[in-house]
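Asker: Structure below; questions to follow.
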Amino acid sequence: QVQLVESGGGLVQAGGSLRLSCVASGRAFSLSTMGWFRQAPGSEREFVGVIAGNGGSTLYADSVKGRFTISRDNGKSTVYLQMNSLKPEDTAVYYCASDDGRQFFSDMSVYEVSGSYDYWGQGTRVTVSS
């Protein structure tokens with residue numbers, strides 16, 4: 001069983017930055033594709049981005065491209081979401097998710113759906129004030 005624990009959320013002013021972390025336990029982390037999603041109040045869960053197990057490939061939603069960066073440290077079983085130039089519309093609960101070690105495909109349509117992931121964290125809240 002994989003456990004994912006996010007941290008790093010908080011309150012930040014528009015234009016500011018935050019870095020979220022997600023620590024994984026329970027299986028070979030380097031084999032897992034890791035995704036980030038977010039869910040704003042009253043909205044459906046939205047794909048943010050994804051990173052391949054070896055860290056060599058990333059894909060981002062258009063809404064965050066150029067502002068957010070996903071990275072990972074497999075030695076620490078941790079994936080990061082660096083968020084810059086934050087906007088009030090980035091306010092949401094952010095979730096990390098992991099697949100069960102399947103092959104990575106450079107096709108965002110595969111990863112922007114929740115069903116492509118097997119494990120989820122509990123979420124960390126990010127609030128961006130205007």
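Naming works like this for the structure tokens: A, B, ... for the chains as they're shown, residue 1 at the start of each chain, ligands 1 onward in shown order.
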Taking only chain A into account, list the residues labelled alpha helix (DSSP H) by DSSP (computed from the backbone), as a list in words.
Answerer: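 Put together, the selection reads Met108, Ser109, Val110 and Tyr111 of chain A.
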Asker: Counting only C-alpha atoms, what is within 9 Å of Gln122 (chain A), bar same-chain residues fewer than 5 positions away, as a VMD selection string?
Answerer: chain A and resid 4 to 6 94 to 96
Asker: For N, CA and C atoms, I'd like the residues from the last selection saved as a compact mmCIF listing (two decimals), in the first residue's frame.
Answerer:
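Result file is result_6.txt:
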# COMPACT_ATOMS: atom_id res chain seq x y z
N LEU A 4 0.72 8.68 0.52
CA LEU A 4 1.20 9.96 0.02
C LEU A 4 0.81 11.05 1.01
N VAL A 5 1.74 11.89 1.36
CA VAL A 5 1.47 12.96 2.31
C VAL A 5 1.98 14.27 1.74
N GLU A 6 1.03 15.19 1.49
CA GLU A 6 1.38 16.50 0.97
C GLU A 6 1.63 17.47 2.12
N TYR A 94 -4.69 21.08 -3.09
CA TYR A 94 -3.80 20.43 -4.03
C TYR A 94 -3.51 19.01 -3.57
N TYR A 95 -3.63 18.08 -4.51
CA TYR A 95 -3.44 16.67 -4.22
C TYR A 95 -2.31 16.09 -5.08
N CYS A 96 -1.50 15.24 -4.50
CA CYS A 96 -0.59 14.45 -5.32
C CYS A 96 -1.18 13.05 -5.49
Asker: Of the residues A:Leu18, A:Ala52, A:Met34, A:Leu11, which is the one nearest to Tyr119 (chain A), using only C-alpha atoms?
Answerer: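 The answer is A:Met34, which sits nearest to Tyr119 (chain A).
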Asker: So how far away is CA of Ser21 (chain A) from CA of Gly101 (chain A), in Å?
Answerer: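 Straight-line distance from CA of Gly101 (chain A) to CA of Ser21 (chain A) works out to 19.8 Å.
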Asker: Measuring atom to atom with only C-alpha atoms, identify which of A:Thr78, A:Phe104, A:Val50, A:Met83 is nearest to Gly66 (chain A).
Answerer: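 Smallest separation from Gly66 (chain A) among the options: A:Met83.
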Asker: Going by DSSP on the backbone, which residues of region 41-118 of chain A come out as strand (DSSP E or B)? List them as a VMD selection string.
Answerer: chain A and resid 46 to 51 58 to 60 68 to 73 78 to 83 92 to 98
Asker: Using Å and a single decimal, report how far CA of Glu112 (chain A) sits from CA of Leu31 (chain A).
Answerer: 18.9 Å
